[in-house]
file protein_26.txt (compact mmCIF, C-alpha atoms and all ligand atoms)
# COMPACT_ATOMS: atom_id res chain seq x y z
CA MET A 1 61.44 72.72 1.08
CA GLY A 2 58.70 75.41 1.30
CA ASP A 3 59.43 78.76 2.91
CA LYS A 4 61.73 77.37 5.55
CA ILE A 5 65.25 78.69 5.93
CA ARG A 6 67.37 76.07 4.19
CA ILE A 7 70.69 75.27 5.84
CA LEU A 8 73.25 73.13 4.07
CA GLY A 9 75.31 71.01 6.48
CA ILE A 10 78.84 69.99 5.52
CA SER A 11 81.03 67.68 7.60
CA GLY A 12 84.79 67.98 7.47
CA SER A 13 85.33 64.30 8.28
CA LEU A 14 85.17 61.22 6.07
CA ARG A 15 85.39 58.84 9.02
CA LYS A 16 82.46 56.41 9.39
CA GLY A 17 82.23 56.98 13.13
CA SER A 18 82.89 60.70 12.85
CA TYR A 19 81.90 62.81 15.85
CA ASN A 20 81.61 65.83 13.59
CA THR A 21 79.18 64.13 11.22
CA ALA A 22 77.28 62.93 14.30
CA ALA A 23 77.15 66.51 15.60
CA LEU A 24 75.70 67.61 12.27
CA GLN A 25 73.10 64.86 12.44
CA ALA A 26 72.21 66.00 15.96
CA ALA A 27 71.93 69.58 14.68
CA ALA A 28 69.42 68.46 12.06
CA GLY A 29 67.15 67.44 14.93
CA LEU A 30 67.70 70.63 16.93
CA VAL A 31 66.97 73.15 14.20
CA PRO A 32 64.15 75.70 14.79
CA GLU A 33 60.77 74.89 13.23
CA ASP A 34 61.14 77.57 10.58
CA ALA A 35 64.36 76.04 9.26
CA GLU A 36 65.77 72.73 8.06
CA ILE A 37 69.20 71.20 7.58
CA GLU A 38 70.16 69.09 4.59
CA ILE A 39 73.48 67.32 4.99
CA PHE A 40 75.59 67.16 1.83
CA ASP A 41 78.26 64.47 1.73
CA ILE A 42 81.40 65.89 0.12
CA SER A 43 83.23 62.56 -0.02
CA GLY A 44 84.55 61.45 -3.40
CA LEU A 45 85.68 64.83 -4.64
CA PRO A 46 88.96 64.60 -6.55
CA ASN A 47 91.84 66.88 -5.65
CA PHE A 48 91.26 70.40 -6.89
CA ASP A 49 92.92 70.98 -10.24
CA GLN A 50 92.75 74.45 -11.72
CA ASP A 51 92.93 72.97 -15.22
CA SER A 52 89.45 71.51 -14.58
CA GLU A 53 87.83 74.43 -12.79
CA LYS A 54 85.81 75.57 -15.83
CA ASP A 55 84.60 72.04 -16.52
CA PRO A 56 84.50 70.51 -13.04
CA PRO A 57 83.41 66.99 -12.02
CA ALA A 58 79.63 66.50 -11.65
CA LYS A 59 79.93 66.34 -7.86
CA VAL A 60 81.42 69.84 -7.77
CA THR A 61 78.58 71.18 -9.92
CA GLU A 62 76.13 69.53 -7.52
CA LEU A 63 77.90 70.96 -4.49
CA LYS A 64 77.80 74.47 -5.97
CA ARG A 65 74.11 74.09 -6.79
CA LYS A 66 73.34 72.91 -3.24
CA ILE A 67 75.25 75.84 -1.74
CA ARG A 68 73.43 78.32 -3.98
CA GLU A 69 70.03 76.83 -3.17
CA ALA A 70 70.71 77.07 0.55
CA ASP A 71 70.04 80.20 2.60
CA ALA A 72 72.93 79.40 4.93
CA VAL A 73 75.67 76.86 5.50
CA ILE A 74 76.84 75.06 8.63
CA PHE A 75 80.24 73.39 8.80
CA SER A 76 81.00 70.75 11.41
CA SER A 77 84.64 69.81 11.21
CA PRO A 78 87.51 68.26 13.08
CA GLU A 79 90.75 70.12 13.63
CA TYR A 80 93.66 68.50 11.80
CA ASN A 81 97.11 69.64 12.84
CA TYR A 82 95.69 72.86 14.22
CA SER A 83 93.80 73.70 11.03
CA VAL A 84 91.04 72.88 8.53
CA PRO A 85 91.22 69.27 7.21
CA GLY A 86 92.63 69.21 3.68
CA PHE A 87 89.55 67.31 2.50
CA LEU A 88 87.25 70.16 3.56
CA LYS A 89 89.57 72.87 2.21
CA ASN A 90 89.59 71.00 -1.10
CA ALA A 91 85.78 71.14 -1.29
CA ILE A 92 85.81 74.82 -0.34
CA ASP A 93 88.36 75.52 -3.08
CA TRP A 94 86.35 73.68 -5.75
CA ALA A 95 83.16 75.59 -4.92
CA SER A 96 85.02 78.90 -4.94
CA ARG A 97 86.15 78.62 -8.56
CA PRO A 98 86.44 79.73 -11.30
CA TYR A 99 87.20 83.26 -10.14
CA GLY A 100 84.00 85.30 -10.17
CA ASP A 101 81.76 82.22 -9.90
CA SER A 102 82.17 81.29 -6.24
CA ALA A 103 79.12 79.59 -4.75
CA TRP A 104 80.09 80.84 -1.28
CA ASP A 105 79.79 84.54 -2.05
CA GLY A 106 77.56 86.34 0.46
CA LYS A 107 76.49 83.15 2.22
CA PRO A 108 75.70 83.26 5.96
CA ALA A 109 77.45 80.46 7.81
CA ALA A 110 78.00 78.83 11.16
CA ILE A 111 80.88 76.67 12.34
CA MET A 112 81.06 73.96 14.93
CA GLY A 113 83.56 71.26 15.64
CA ALA A 114 84.17 68.27 17.90
CA SER A 115 87.47 66.98 19.23
CA PRO A 116 88.52 64.46 21.88
CA GLY A 117 90.95 67.16 23.02
CA ALA A 118 90.46 70.06 25.39
CA ILE A 119 90.38 72.91 22.86
CA GLY A 120 87.42 71.63 20.85
CA THR A 121 88.63 72.68 17.33
CA ALA A 122 89.10 76.37 18.18
CA ARG A 123 92.22 76.69 16.01
CA MET A 124 90.49 75.07 13.03
CA GLN A 125 87.51 77.39 13.50
CA TYR A 126 89.63 80.55 13.36
CA HIS A 127 91.41 79.32 10.24
CA LEU A 128 88.04 78.61 8.65
CA ARG A 129 86.87 82.10 9.56
CA GLN A 130 89.96 83.52 7.87
CA ILE A 131 89.14 81.57 4.69
CA MET A 132 85.60 82.97 4.86
CA VAL A 133 86.94 86.51 4.67
CA PHE A 134 88.25 85.97 1.15
CA LEU A 135 85.12 84.02 0.20
CA ASN A 136 82.98 86.98 1.34
CA MET A 137 80.91 84.70 3.56
CA HIS A 138 79.13 86.01 6.63
CA PRO A 139 79.96 83.76 9.58
CA LEU A 140 77.94 83.98 12.75
CA ASN A 141 80.27 85.30 15.45
CA LYS A 142 78.56 83.88 18.51
CA PRO A 143 77.87 81.44 20.01
CA GLU A 144 80.99 79.46 19.15
CA VAL A 145 80.30 75.74 19.41
CA MET A 146 83.50 73.94 20.32
CA ILE A 147 82.71 70.43 21.49
CA ASN A 148 85.72 69.38 23.55
CA ASN A 149 86.22 65.95 25.18
CA CYS A 150 83.73 64.71 22.61
CA THR A 151 84.21 61.00 23.29
CA SER A 152 82.11 61.42 26.46
CA LYS A 153 79.36 63.41 24.73
CA PHE A 154 78.15 60.85 22.19
CA ASN A 155 76.97 57.29 22.83
CA GLU A 156 78.12 54.21 20.94
CA GLN A 157 75.41 54.74 18.34
CA GLY A 158 76.86 58.18 17.61
CA GLU A 159 73.98 60.03 19.23
CA LEU A 160 74.70 63.27 21.05
CA ILE A 161 73.82 62.65 24.69
CA ASP A 162 75.26 65.75 26.37
CA GLU A 163 72.38 68.10 27.19
CA LYS A 164 74.57 71.20 27.51
CA THR A 165 76.03 70.61 24.04
CA LYS A 166 72.52 70.15 22.62
CA GLU A 167 71.55 73.51 24.13
CA PHE A 168 74.64 75.21 22.60
CA ILE A 169 73.87 73.79 19.15
CA ALA A 170 70.16 74.71 19.35
CA ASP A 171 71.06 78.25 20.42
CA MET A 172 73.58 78.60 17.58
CA LEU A 173 71.03 77.37 15.03
CA LYS A 174 68.41 79.83 16.25
CA LYS A 175 70.93 82.65 15.98
CA LEU A 176 72.05 81.46 12.53
CA VAL A 177 68.44 81.59 11.33
CA ASP A 178 67.97 85.09 12.82
CA TRP A 179 71.26 86.22 11.25
CA THR A 180 70.31 84.76 7.85
CA VAL A 181 66.98 86.60 7.84
CA ARG A 182 68.64 89.80 9.05
CA ILE A 183 71.25 89.99 6.31
CA ARG A 184 69.09 88.60 3.51
CA PRO A 185 69.05 90.87 0.42
CA GLY A 186 65.94 93.06 0.47
CA GLU A 187 65.59 92.87 4.26
CA ARG A 188 66.78 96.44 4.80
CA SER A 189 64.24 98.05 7.09
CA ALA A 190 61.81 100.63 5.73
CA GLY A 191 62.85 104.21 6.37
CA SER A 192 66.54 103.59 5.79
CA ALA A 193 66.45 105.25 2.35
C1 LIG B 201 95.66 64.05 10.73
C2 LIG B 201 95.05 64.34 12.09
C3 LIG B 201 95.39 65.48 12.76
C4 LIG B 201 94.77 65.79 13.98
N1 LIG B 201 95.05 66.98 14.59
C5 LIG B 201 94.32 67.36 15.65
C6 LIG B 201 94.45 68.69 16.17
O1 LIG B 201 95.22 69.51 15.71
N2 LIG B 201 93.64 69.05 17.21
C7 LIG B 201 92.73 68.18 17.76
O2 LIG B 201 92.03 68.56 18.68
N3 LIG B 201 92.62 66.91 17.31
C8 LIG B 201 93.36 66.49 16.25
N4 LIG B 201 93.21 65.24 15.74
C9 LIG B 201 92.30 64.28 16.41
C10 LIG B 201 90.87 64.48 15.91
O3 LIG B 201 90.28 65.53 16.65
C11 LIG B 201 90.06 63.20 16.11
O4 LIG B 201 90.61 62.17 15.30
C12 LIG B 201 88.60 63.40 15.80
O5 LIG B 201 87.87 62.28 16.26
C13 LIG B 201 88.37 63.62 14.33
O6 LIG B 201 87.03 64.02 14.11
P1 LIG B 201 85.95 62.98 13.58
O7 LIG B 201 85.58 62.08 14.74
O8 LIG B 201 84.79 63.83 13.16
O9 LIG B 201 86.52 62.20 12.44
C14 LIG B 201 93.83 64.89 14.55
C15 LIG B 201 93.50 63.72 13.84
C16 LIG B 201 94.09 63.43 12.64
C17 LIG B 201 93.70 62.17 11.90
call {"tool": "encode", "arguments": {"input": "protein_26.txt", "output": "structure tokens"}}
result
Amino acid sequence: MGDKIRILGISGSLRKGSYNTAALQAAAGLVPEDAEIEIFDISGLPNFDQDSEKDPPAKVTELKRKIREADAVIFSSPEYNYSVPGFLKNAIDWASRPYGDSAWDGKPAAIMGASPGAIGTARMQYHLRQIMVFLNMHPLNKPEVMINNCTSKFNEQGELIDEKTKEFIADMLKKLVDWTVRIRPGERSAGSA
């Protein structure tokens, strides 16, 4: 992966024709040259069980390793019943445990979401931000990428065809890379001592 900023992409939808997974795939092609996105498929995780947190399934160990290897994370998720899909919350919970061994700690992150509705996952995004507070993640505040009326913004092949949305995603990725470099440990500017 070289010296590029490594961004781990996680979709909050299992659906084959998922708009959110498609948005993540589009993002992988819109990322700045000094960065790259690897999409990690979180399907197949069992329900979180605290009895197993110290000896988790192999997929959880892999997820935690991928998060730790990444410089930043990007979530692209639907809104389910005004909140974060249980499937995504389950993955977040697994990677946050056991206490004191959370893979999310200190990780810069960006959020986007697509919905056929008018609000474009805003309520899910604010719930996810709230979760990030306890996880001590560092979400990018702006721009917020809320892809509303998404059925008109992707073609039948699942490709993002809306130019404005592409611009929003590209802008967010550039700012996520800048943010990641800015808050990276050891990046404190000289003279601040
Ligand atoms: C259980 C469930 C709850 C949903 N709740 C919401 C909701 O609160 N807000 C919303 O905008 N869309 C809601 N939807 C519609 C989803 O936005 C829509 O199914 C979307 O295509 C899912 O994203 P995906 O294409 O990435 O799978 C819900 C869908 C499901 C299956």
call {"tool": "residues_around", "arguments": {"input": "protein_26.txt", "residues": "range 65-72 of chain A", "least_positions_apart": "3", "cutoff": "7 Å", "atoms": "all atoms listed in the file", "output": "list in words"}}
result
Ile5, Arg6, Ile7, Leu8, Thr61, Glu62, Ala103, Trp104, Lys107, Pro108, Ala109 and Thr180 of chain A
call {"tool": "residues_around", "arguments": {"input": "protein_26.txt", "residues": "Asp162 in chain A", "least_positions_apart": "6", "cutoff": "12 Å", "atoms": "all atoms listed in the file", "output": "VMD selection string"}}
result
chain A and resid 23 26 147 to 155 168 to 169
call {"tool": "write_last_selection", "arguments": {"input": "protein_26.txt", "atoms": "C-alpha atoms", "output": "short mmCIF file (atom, residue, chain, number, x, y, z; two decimals), in the frame of the given file"}}
result
data_model
loop_
_atom_site.label_atom_id
_atom_site.label_comp_id
_atom_site.auth_asym_id
_atom_site.auth_seq_id
_atom_site.Cartn_x
_atom_site.Cartn_y
_atom_site.Cartn_z
CA ALA A 23 77.15 66.51 15.60
CA ALA A 26 72.21 66.00 15.96
CA ILE A 147 82.71 70.43 21.49
CA ASN A 148 85.72 69.38 23.55
CA ASN A 149 86.22 65.95 25.18
CA CYS A 150 83.73 64.71 22.61
CA THR A 151 84.21 61.00 23.29
CA SER A 152 82.11 61.42 26.46
CA LYS A 153 79.36 63.41 24.73
CA PHE A 154 78.15 60.85 22.19
CA ASN A 155 76.97 57.29 22.83
CA PHE A 168 74.64 75.21 22.60
CA ILE A 169 73.87 73.79 19.15
#
call {"tool": "atom_distance", "arguments": {"input": "protein_26.txt", "atom1": "CA of Ala35 in chain A", "atom2": "CA of Val84 in chain A"}}
result
26.9 Å
call {"tool": "residues_near_ligand", "arguments": {"input": "protein_26.txt", "ligand": "ligand LIG 201 (chain B)", "cutoff": "10 Å", "atoms": "all atoms listed in the file", "output": "VMD selection string"}}
result
chain A and resid 11 to 24 76 to 86 113 to 124 147 to 151 158
call {"tool": "atom_distance", "arguments": {"input": "protein_26.txt", "atom1": "CA of Ser52 in chain A", "atom2": "CA of Ile10 in chain A"}}
result
22.8 Å
call {"tool": "atom_distance", "arguments": {"input": "protein_26.txt", "atom1": "CA of Glu167 in chain A", "atom2": "CA of Leu128 in chain A"}}
result
23.2 Å
call {"tool": "closest_residue", "arguments": {"input": "protein_26.txt", "among": "A:Ala58, A:Ala27, A:Leu88, A:Leu173", "to": "Ser43 in chain A", "atoms": "only C-alpha atoms"}}
result
A:Leu88
call {"tool": "residues_around", "arguments": {"input": "protein_26.txt", "residues": "Leu135 in chain A", "least_positions_apart": "2", "cutoff": "10 Å", "atoms": "all atoms listed in the file", "output": "PyMOL selection string"}}
result
chain A and resi 92-93+96+102-107+129-133+137-138
call {"tool": "closest_residue", "arguments": {"input": "protein_26.txt", "among": "A:Leu63, A:Asp101, A:Ile42, A:Gln125", "to": "Phe87 in chain A", "atoms": "all atoms listed in the file"}}
result
A:Ile42
